[in-house]
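Structure data (compact mmCIF, C-alpha atoms and all ligand atoms) from upload.txt:
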# COMPACT_ATOMS: atom_id res chain seq x y z
CA MET A 1447 92.25 92.20 70.10
CA ASN A 1448 91.90 92.40 73.89
CA THR A 1449 95.46 91.94 75.01
CA ILE A 1450 96.66 92.66 78.52
CA ARG A 1451 98.29 95.83 77.22
CA ALA A 1452 95.04 97.04 75.60
CA LEU A 1453 92.84 96.05 78.57
CA LEU A 1454 95.08 97.94 80.97
CA ALA A 1455 95.14 101.03 78.76
CA ASP A 1456 91.32 101.07 78.66
CA ALA A 1457 91.08 100.39 82.38
CA ARG A 1458 93.28 103.36 83.25
CA GLN A 1459 90.82 105.57 81.42
CA VAL A 1460 87.85 104.08 83.26
CA LEU A 1461 89.47 104.73 86.63
CA ALA A 1462 91.15 108.02 85.79
CA ALA A 1463 88.46 110.22 87.29
CA THR A 1464 87.80 108.38 90.55
CA ALA A 1465 90.84 106.35 91.61
CA ASP A 1466 94.02 107.75 93.19
CA THR A 1467 96.26 105.32 91.35
CA PRO A 1468 94.45 104.17 88.17
CA ALA A 1469 97.39 102.31 86.62
CA LEU A 1470 98.27 100.38 89.75
CA GLU A 1471 94.65 99.56 90.57
CA SER A 1472 93.96 98.37 87.00
CA GLU A 1473 96.92 96.00 87.28
CA ILE A 1474 95.88 94.71 90.71
CA LEU A 1475 92.36 93.93 89.47
CA LEU A 1476 93.47 92.28 86.22
CA ALA A 1477 96.17 90.23 87.97
CA HIS A 1478 93.57 89.11 90.52
CA VAL A 1479 91.08 88.03 87.85
CA LEU A 1480 93.79 86.12 85.98
CA GLY A 1481 95.13 84.49 89.16
CA GLN A 1482 98.58 85.91 88.47
CA ASP A 1483 100.75 88.57 90.05
CA ARG A 1484 101.46 91.96 88.55
CA SER A 1485 104.91 91.02 87.30
CA TRP A 1486 103.28 88.32 85.16
CA LEU A 1487 101.25 91.02 83.42
CA TYR A 1488 104.43 92.90 82.51
CA ALA A 1489 105.95 89.73 81.10
CA HIS A 1490 102.87 88.92 78.96
CA PRO A 1491 101.54 92.18 77.47
CA GLU A 1492 100.31 90.38 74.31
CA HIS A 1493 98.42 87.63 76.15
CA ALA A 1494 94.70 87.65 75.40
CA PRO A 1495 92.49 86.79 78.40
CA THR A 1496 89.33 84.74 77.81
CA ALA A 1497 85.92 86.36 77.40
CA ALA A 1498 84.96 85.22 80.92
CA GLU A 1499 88.09 86.77 82.39
CA ILE A 1500 87.42 90.01 80.58
CA THR A 1501 83.85 90.10 81.87
CA ALA A 1502 85.05 89.50 85.43
CA PHE A 1503 87.63 92.28 85.03
CA THR A 1504 85.16 94.75 83.53
CA LYS A 1505 82.70 94.11 86.36
CA ARG A 1506 85.31 94.85 89.01
CA LEU A 1507 86.51 97.90 87.16
CA ALA A 1508 83.01 99.36 87.13
CA ARG A 1509 82.65 98.76 90.86
CA ARG A 1510 86.02 100.34 91.54
CA ARG A 1511 84.97 103.33 89.43
CA ASP A 1512 81.94 103.58 91.74
CA GLY A 1513 84.21 103.68 94.78
CA HIS A 1514 84.20 100.08 96.06
CA PRO A 1515 87.44 99.35 97.93
CA ILE A 1516 90.09 97.37 96.05
CA ALA A 1517 90.23 94.95 98.99
CA HIS A 1518 86.54 94.09 98.51
CA LEU A 1519 87.08 93.47 94.80
CA THR A 1520 89.99 91.12 95.35
CA GLY A 1521 88.81 89.77 98.73
CA ARG A 1522 92.33 90.21 100.09
CA ARG A 1523 94.54 92.65 101.89
CA GLU A 1524 98.18 92.43 102.93
CA PHE A 1525 98.76 93.14 106.61
CA TRP A 1526 102.13 92.78 108.32
CA SER A 1527 103.60 89.78 106.48
CA LEU A 1528 100.23 88.10 105.99
CA THR A 1529 97.65 87.99 103.22
CA LEU A 1530 94.23 88.22 104.86
CA SER A 1531 90.80 87.50 103.44
CA VAL A 1532 88.47 90.42 103.90
CA SER A 1533 84.80 91.06 103.22
CA ARG A 1534 82.23 93.73 103.87
CA ASP A 1535 81.82 92.30 107.39
CA THR A 1536 85.09 93.68 108.75
CA LEU A 1537 87.18 96.79 108.66
CA ILE A 1538 89.80 96.54 105.93
CA PRO A 1539 93.14 96.22 107.76
CA ARG A 1540 95.10 99.48 107.51
CA PRO A 1541 98.85 100.01 107.33
CA GLU A 1542 98.75 102.23 110.43
CA THR A 1543 97.46 99.32 112.47
CA GLU A 1544 100.76 97.54 111.79
CA GLY A 1545 102.21 100.13 114.19
CA LEU A 1546 100.15 98.56 116.95
CA VAL A 1547 101.68 95.17 116.13
CA GLU A 1548 105.16 96.69 116.40
CA ILE A 1549 104.40 98.20 119.80
CA ALA A 1550 102.92 94.91 121.05
CA LEU A 1551 106.06 93.04 120.04
CA GLU A 1552 108.21 95.61 121.76
CA VAL A 1553 106.47 95.84 125.14
CA THR A 1554 105.70 92.16 125.75
CA PRO A 1555 108.18 89.41 126.72
CA PRO A 1556 108.72 87.27 123.61
CA ASP A 1557 108.72 83.85 125.22
CA ASP A 1558 105.46 83.62 127.12
CA ALA A 1559 102.43 85.89 127.27
CA ASP A 1560 98.65 85.99 127.17
CA ILE A 1561 97.37 88.47 124.61
CA LEU A 1562 93.88 89.83 123.96
CA ASP A 1563 92.99 91.52 120.65
CA LEU A 1564 89.72 93.34 121.30
CA GLY A 1565 87.51 93.93 118.27
CA THR A 1566 89.66 91.65 116.16
CA GLY A 1567 87.62 92.02 112.94
CA SER A 1568 89.47 90.07 110.24
CA GLY A 1569 91.87 88.86 112.95
CA ALA A 1570 94.67 91.03 111.57
CA ILE A 1571 96.40 92.01 114.82
CA ALA A 1572 95.87 88.68 116.58
CA LEU A 1573 97.20 86.69 113.62
CA ALA A 1574 100.20 88.95 113.02
CA LEU A 1575 101.19 88.59 116.70
CA ALA A 1576 100.69 84.82 116.72
CA ASN A 1577 102.75 84.54 113.56
CA GLU A 1578 105.63 86.48 115.14
CA ARG A 1579 105.45 84.88 118.57
CA PRO A 1580 104.42 81.24 118.37
CA ASN A 1581 104.62 80.87 122.15
CA TRP A 1582 102.09 83.57 122.93
CA ARG A 1583 98.52 82.56 123.67
CA VAL A 1584 96.41 84.92 121.58
CA LEU A 1585 92.67 85.47 121.90
CA GLY A 1586 90.70 87.63 119.47
CA VAL A 1587 87.27 88.91 120.50
CA ASP A 1588 84.61 90.50 118.33
CA ARG A 1589 80.89 91.05 118.86
CA ASP A 1590 80.13 90.38 115.20
CA ALA A 1591 79.62 86.72 114.24
CA ALA A 1592 80.34 87.33 110.55
CA ALA A 1593 83.64 89.03 111.39
CA LEU A 1594 84.64 86.06 113.56
CA GLU A 1595 83.99 83.70 110.67
CA ILE A 1596 86.45 85.68 108.56
CA ALA A 1597 88.97 85.76 111.40
CA ARG A 1598 88.71 81.99 111.93
CA ALA A 1599 89.02 81.34 108.19
CA ASN A 1600 92.13 83.53 108.14
CA ALA A 1601 93.63 81.60 111.06
CA ARG A 1602 93.04 78.33 109.21
CA GLY A 1603 94.30 79.67 105.89
CA LEU A 1604 97.47 81.02 107.46
CA GLY A 1605 98.15 77.89 109.48
CA LEU A 1606 97.74 79.63 112.83
CA PRO A 1607 95.20 77.33 114.50
CA SER A 1608 96.36 78.15 118.02
CA VAL A 1609 94.77 81.60 117.89
CA GLU A 1610 91.42 81.50 119.63
CA PHE A 1611 88.41 83.61 118.79
CA GLU A 1612 85.41 84.36 120.91
CA ARG A 1613 82.26 86.33 120.38
CA GLY A 1614 81.54 89.18 122.76
CA ASP A 1615 81.04 92.89 123.17
CA TRP A 1616 84.47 94.10 124.33
CA PHE A 1617 85.11 92.29 127.65
CA SER A 1618 81.60 90.92 128.15
CA ALA A 1619 82.37 87.34 127.07
CA LEU A 1620 85.41 86.95 129.28
CA PRO A 1621 84.93 85.17 132.60
CA ALA A 1622 85.82 87.28 135.63
CA GLY A 1623 89.37 86.50 136.66
CA THR A 1624 90.65 86.18 133.07
CA SER A 1625 93.79 88.28 132.77
CA PHE A 1626 96.29 89.23 130.12
CA ASP A 1627 99.82 90.55 129.78
CA LEU A 1628 98.75 92.73 126.87
CA ILE A 1629 95.45 94.02 125.57
CA VAL A 1630 95.66 95.51 122.12
CA CYS A 1631 92.79 97.14 120.31
CA ASN A 1632 91.94 99.06 117.15
CA PRO A 1633 88.46 100.22 118.18
CA PRO A 1634 86.01 102.37 116.27
CA TYR A 1635 87.13 105.94 116.91
CA VAL A 1636 85.61 108.14 114.22
CA ALA A 1637 83.15 110.84 115.36
CA GLN A 1638 79.64 110.23 114.01
CA ASP A 1639 79.51 113.45 111.99
CA ASP A 1640 83.06 113.22 110.62
CA PRO A 1641 82.89 114.26 106.92
CA HIS A 1642 85.65 111.70 106.20
CA LEU A 1643 82.92 109.00 106.47
CA ALA A 1644 81.47 110.16 103.14
CA ARG A 1645 84.69 109.56 101.19
CA GLY A 1646 86.76 106.61 100.04
CA ASP A 1647 86.78 103.05 101.35
CA VAL A 1648 85.00 103.80 104.65
CA ARG A 1649 81.70 104.25 102.79
CA PHE A 1650 81.72 100.49 102.17
CA GLU A 1651 82.96 99.33 105.57
CA PRO A 1652 80.84 98.37 108.60
CA VAL A 1653 79.88 101.55 110.42
CA GLN A 1654 80.07 99.77 113.78
CA ALA A 1655 83.79 99.18 113.15
CA LEU A 1656 84.39 102.87 112.49
CA VAL A 1657 82.07 105.16 114.42
CA ALA A 1658 81.99 105.64 118.19
CA GLY A 1659 79.54 108.33 119.23
CA GLU A 1660 79.66 112.09 119.10
CA ASP A 1661 83.38 112.52 119.74
CA GLY A 1662 84.55 109.11 118.52
CA LEU A 1663 85.66 108.14 122.02
CA ASP A 1664 82.68 106.13 123.30
CA ASP A 1665 84.34 102.75 122.82
CA ILE A 1666 87.77 103.91 123.92
CA ARG A 1667 86.22 105.19 127.18
CA ALA A 1668 84.48 101.85 127.76
CA ILE A 1669 87.60 99.83 127.02
CA ILE A 1670 89.94 101.90 129.18
CA GLY A 1671 87.35 101.83 131.98
CA ALA A 1672 87.13 98.04 132.01
CA ALA A 1673 90.66 97.00 130.98
CA PRO A 1674 92.29 97.22 134.46
CA GLY A 1675 90.06 94.33 135.56
CA PHE A 1676 91.58 92.11 132.85
CA LEU A 1677 95.26 93.02 133.07
CA ARG A 1678 97.96 91.44 135.19
CA PRO A 1679 100.27 93.61 137.26
CA GLY A 1680 102.72 95.12 134.77
CA GLY A 1681 100.39 94.32 131.84
CA TRP A 1682 99.95 96.82 129.00
CA LEU A 1683 96.95 98.25 127.20
CA TRP A 1684 97.66 99.79 123.77
CA LEU A 1685 95.01 101.36 121.57
CA GLU A 1686 94.87 102.91 118.15
CA HIS A 1687 93.02 106.25 118.07
CA GLY A 1688 92.22 109.23 115.86
CA ARG A 1689 94.96 111.74 115.15
CA ASP A 1690 93.39 114.47 117.29
CA GLN A 1691 92.43 112.21 120.22
CA GLY A 1692 95.85 111.56 121.76
CA SER A 1693 95.71 113.88 124.74
CA ARG A 1694 92.17 112.82 125.64
CA VAL A 1695 93.12 109.14 125.52
CA VAL A 1696 96.15 109.87 127.70
CA ASP A 1697 93.85 111.56 130.25
CA LEU A 1698 91.54 108.55 130.23
CA LEU A 1699 94.43 106.13 130.79
CA GLN A 1700 95.87 108.21 133.62
CA GLY A 1701 92.41 108.55 135.15
CA GLN A 1702 92.21 104.76 135.40
CA GLY A 1703 95.56 104.49 137.17
CA PHE A 1704 97.65 103.37 134.21
CA GLN A 1705 101.37 104.12 134.50
CA GLN A 1706 104.05 104.79 131.88
CA VAL A 1707 101.28 106.31 129.76
CA ALA A 1708 102.65 107.20 126.35
CA LEU A 1709 101.64 108.32 122.87
CA ARG A 1710 103.26 107.09 119.67
CA ARG A 1711 103.05 108.43 116.14
CA ASP A 1712 102.26 106.54 112.94
CA LEU A 1713 104.42 106.63 109.82
CA ALA A 1714 102.59 109.74 108.64
CA GLY A 1715 103.74 111.50 111.83
CA GLN A 1716 100.27 111.61 113.45
CA GLU A 1717 99.64 110.68 117.07
CA ARG A 1718 97.95 107.33 116.54
CA TYR A 1719 98.59 104.99 119.47
CA ALA A 1720 98.23 105.41 123.21
CA GLY A 1721 99.16 102.95 125.90
CA GLY A 1722 99.72 102.47 129.57
CA ARG A 1723 100.79 99.85 132.02
CA MET A 1724 99.20 98.47 135.16
CA PRO A 1725 101.30 99.10 138.25
CA VAL A 1726 103.86 96.34 138.60
CA ARG A 1727 103.02 95.78 142.22
CA PHE A 1728 100.52 97.21 144.59
CA LEU A 1729 101.97 98.80 147.70
CA GLY A 1730 100.23 98.65 151.05
N1 LIG B 1801 91.77 104.84 110.53
C1 LIG B 1801 90.47 104.53 110.03
C2 LIG B 1801 89.95 105.62 109.16
O1 LIG B 1801 89.91 106.74 109.57
C3 LIG B 1801 89.49 104.28 111.13
C4 LIG B 1801 89.75 102.98 111.77
C5 LIG B 1801 89.06 102.84 113.07
O2 LIG B 1801 88.03 103.46 113.36
N2 LIG B 1801 89.59 102.00 113.86
O3 LIG B 1801 89.63 105.36 108.03

Any chance you could put this one into structure tokens?
Ligand code: GLN
Amino acid sequence: MNTIRALLADARQVLAATADTPALESEILLAHVLGQDRSWLYAHPEHAPTAAEITAFTKRLARRRDGHPIAHLTGRREFWSLTLSVSRDTLIPRPETEGLVEIALEVTPPDDADILDLGTGSGAIALALANERPNWRVLGVDRDAAALEIARANARGLGLPSVEFERGDWFSALPAGTSFDLIVCNPPYVAQDDPHLARGDVRFEPVQALVAGEDGLDDIRAIIGAAPGFLRPGGWLWLEHGRDQGSRVVDLLQGQGFQQVALRRDLAGQERYAGGRMPVRFLG
């Protein structure tokens, strides 16, 4: 009899060779297929799912065994306090990007601000900020139409209709004269020959959301070069970057006249975020 207990025991075997956490991942996939949460599985070990449910589970298990990201198999990923829909059209939101949300909340006045999330993808950063600060005006920009569809659907699903989304390649869609108190961005920053691209979830994610030229800094250079034209005096730019890129990103920010340039580390202790501020007032 295919009880939850038996299905999970089999599933752990299927995933044992390829998944980091076979027991947890088996539970996530079965709970998803049954429309329950994991605690429900523990409470009903003798429950027998229907044949259709078992087929749906087995299919996902096989794809997970082949390396497909869990988030693609469930269509969801938790980010900050939100559950986001994700697809193959966007980067899967990462826990380290929550650090960028924390920094944004810290450096920007809570009551009133204009925020730009560049390369918003699933809308993760923009939506987390709008959820925390209902008074902020938040705009998410992405050059990919399919990503924007996901971001807009997430905004609707989460009840955050005030967040706006616009299609454009970095700043290209923004009218001259548009300016923000904070620009936040998780750009592509992986070098094109990074061996890490051949392993794990990234194999199934859009390459244009990950890779930025020979040294991974092509997009960061473009963004830092253009950002001063879209920031108010005293406005901040904060970017996520690769763990070995910190000092180069600092140089780029200083080269563009940013002040209070700083690096922050992620929870794993890696340099992961760099930011700087436009001069508060121009002298002379
Ligand atoms: N941190 C991601 C990874 O290395 C990359 C995300 C990004 O390029 N913005 O998997």

> Can you tell me which residues sit at most 9 Å away from ligand LIG 1801 (chain B), counting only C-alpha atoms and all ligand atoms, written as an MDAnalysis selection string?
Replying inline: chainID A and resid 1537:1540 1542:1543 1631:1636 1642:1643 1646:1648 1653:1658 1662 1686:1689 1718

Write out the residues from the selection above, keeping C-alpha atoms, as a tab-separated table (two decimals), in the coordinates of the input.
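Contents of the output file selection-v7.tsv:
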chain	number	residue	atom	x	y	z
A	1537	LEU	CA	87.18	96.79	108.66
A	1538	ILE	CA	89.80	96.54	105.93
A	1539	PRO	CA	93.14	96.22	107.76
A	1540	ARG	CA	95.10	99.48	107.51
A	1542	GLU	CA	98.75	102.23	110.43
A	1543	THR	CA	97.46	99.32	112.47
A	1631	CYS	CA	92.79	97.14	120.31
A	1632	ASN	CA	91.94	99.06	117.15
A	1633	PRO	CA	88.46	100.22	118.18
A	1634	PRO	CA	86.01	102.37	116.27
A	1635	TYR	CA	87.13	105.94	116.91
A	1636	VAL	CA	85.61	108.14	114.22
A	1642	HIS	CA	85.65	111.70	106.20
A	1643	LEU	CA	82.92	109.00	106.47
A	1646	GLY	CA	86.76	106.61	100.04
A	1647	ASP	CA	86.78	103.05	101.35
A	1648	VAL	CA	85.00	103.80	104.65
A	1653	VAL	CA	79.88	101.55	110.42
A	1654	GLN	CA	80.07	99.77	113.78
A	1655	ALA	CA	83.79	99.18	113.15
A	1656	LEU	CA	84.39	102.87	112.49
A	1657	VAL	CA	82.07	105.16	114.42
A	1658	ALA	CA	81.99	105.64	118.19
A	1662	GLY	CA	84.55	109.11	118.52
A	1686	GLU	CA	94.87	102.91	118.15
A	1687	HIS	CA	93.02	106.25	118.07
A	1688	GLY	CA	92.22	109.23	115.86
A	1689	ARG	CA	94.96	111.74	115.15
A	1718	ARG	CA	97.95	107.33	116.54

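Minimum atom-to-atom distances from A:Phe1617, A:Tyr1719, A:Phe1525, A:Phe1503 to A:Gly1569 were compared using all atoms listed in the file, and the lowest value belongs to A:Phe1525.
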
> Using only C-alpha atoms, which residue out of A:His1490, A:Arg1678, A:Arg1723, A:Arg1506 lies closest to A:Ala1559?
Replying inline: A:Arg1678

Stretch 1623-1629 of chain A: which residues within 6 Å, counting all atoms listed in the file, same-chain residues fewer than 5 positions away excluded, as an mmCIF file with C-alpha atoms, in the frame of the given file?
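Saved file selection23.cif follows:
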data_model
loop_
_atom_site.group_PDB
_atom_site.id
_atom_site.type_symbol
_atom_site.label_atom_id
_atom_site.label_comp_id
_atom_site.auth_asym_id
_atom_site.auth_seq_id
_atom_site.Cartn_x
_atom_site.Cartn_y
_atom_site.Cartn_z
ATOM 1 C CA ALA A 1559 102.430 85.890 127.270
ATOM 2 C CA ASP A 1560 98.650 85.990 127.170
ATOM 3 C CA ILE A 1561 97.370 88.470 124.610
ATOM 4 C CA LEU A 1562 93.880 89.830 123.960
ATOM 5 C CA PHE A 1676 91.580 92.110 132.850
ATOM 6 C CA LEU A 1677 95.260 93.020 133.070
ATOM 7 C CA ARG A 1678 97.960 91.440 135.190
ATOM 8 C CA GLY A 1681 100.390 94.320 131.840
ATOM 9 C CA TRP A 1682 99.950 96.820 129.000
ATOM 10 C CA LEU A 1683 96.950 98.250 127.200
#

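In terms of minimum interatomic distance to A:Ile1516, A:Val1532 ranks closest within A:Ala1570, A:Ile1450, A:Val1532, A:Ile1670, counting only C-alpha atoms.
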
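Minimum distance to A:Glu1544 across A:Ala1452, A:Leu1476, A:Leu1585, A:Leu1713 (counting all atoms listed in the file) occurs at A:Leu1713.
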
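Shortest separation to A:Ala1572 among A:Leu1453, A:Val1547, A:Val1553, A:Leu1594 occurs at residue A:Val1547, atoms counted being only C-alpha atoms.
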
For stretch 1623-1636 of chain A, I'd like the enclosing box, axis-aligned and padded by 5 Å on every side, reported as AutoDock Vina command-line options with centre and edge lengths in Å to one decimal.
--center_x 92.7 --center_y 97.2 --center_z 125.4 --size_x 24.2 --size_y 32.0 --size_z 32.4

>> Report, in Å to a single decimal, how far apart atom CA of A:Ala1622 and atom CA of A:Gly1675 are.
In response: 8.2 Å

Excluding stretch 1597-1605 of chain A and its own-chain neighbours fewer than 3 positions away, which residues fall within 7 Å of it when counting all atoms listed in the file? Please give them as a PDB file with C-alpha atoms, in the coordinates of the input.
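Saved as result.pdb:
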ATOM      1  CA  LEU A1530      94.230  88.220 104.860  1.00  0.00           C
ATOM      2  CA  SER A1531      90.800  87.500 103.440  1.00  0.00           C
ATOM      3  CA  GLY A1567      87.620  92.020 112.940  1.00  0.00           C
ATOM      4  CA  SER A1568      89.470  90.070 110.240  1.00  0.00           C
ATOM      5  CA  GLY A1569      91.870  88.860 112.950  1.00  0.00           C
ATOM      6  CA  LEU A1573      97.200  86.690 113.620  1.00  0.00           C
ATOM      7  CA  ALA A1593      83.640  89.030 111.390  1.00  0.00           C
ATOM      8  CA  LEU A1594      84.640  86.060 113.560  1.00  0.00           C
ATOM      9  CA  VAL A1609      94.770  81.600 117.890  1.00  0.00           C
TER      10      VAL A1609
END

> Pick from A:Leu1475, A:Ile1666, A:Leu1528, A:Ala1644: nearest to A:Lys1505, with only C-alpha atoms counted?
Replying inline: A:Leu1475

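Take atom CA of A:Pro1679 and atom CA of A:Val1726: the distance between them is 4.7 Å.
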
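Taking atom CA of A:Ala1457 and atom CA of A:Arg1511 as endpoints, the distance between them is 9.8 Å.
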
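The list of residues with at least one atom within 8 Å of A:Asp1535, based on only C-alpha atoms and without residues fewer than 5 positions apart in the same chain, reads A:Ala1592, A:Ala1593, A:Glu1651, A:Pro1652.
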
> Counting all atoms listed in the file, which residues come within 12 Å of (92.5, 88.5, 87.8), with the point read in the file's coordinates, and could you list them as an MDAnalysis selection string?
Replying inline: chainID A and resid 1450 1453:1454 1471:1484 1486:1487 1495:1496 1498:1507 1519:1521

>> Please return as number ranges by chain every residue within 6 Å of (95.4, 103.6, 129.9), taking into account only C-alpha atoms and the file's own coordinates.
In response: A: 1670, 1699-1700, 1704, 1721-1722

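Near A:Thr1566, within a cut-off of 7 Å and counting all atoms listed in the file, sit the residues A:Ala1572, A:Gly1586, A:Val1587, A:Asp1588, with same-chain residues fewer than 6 positions away left out.
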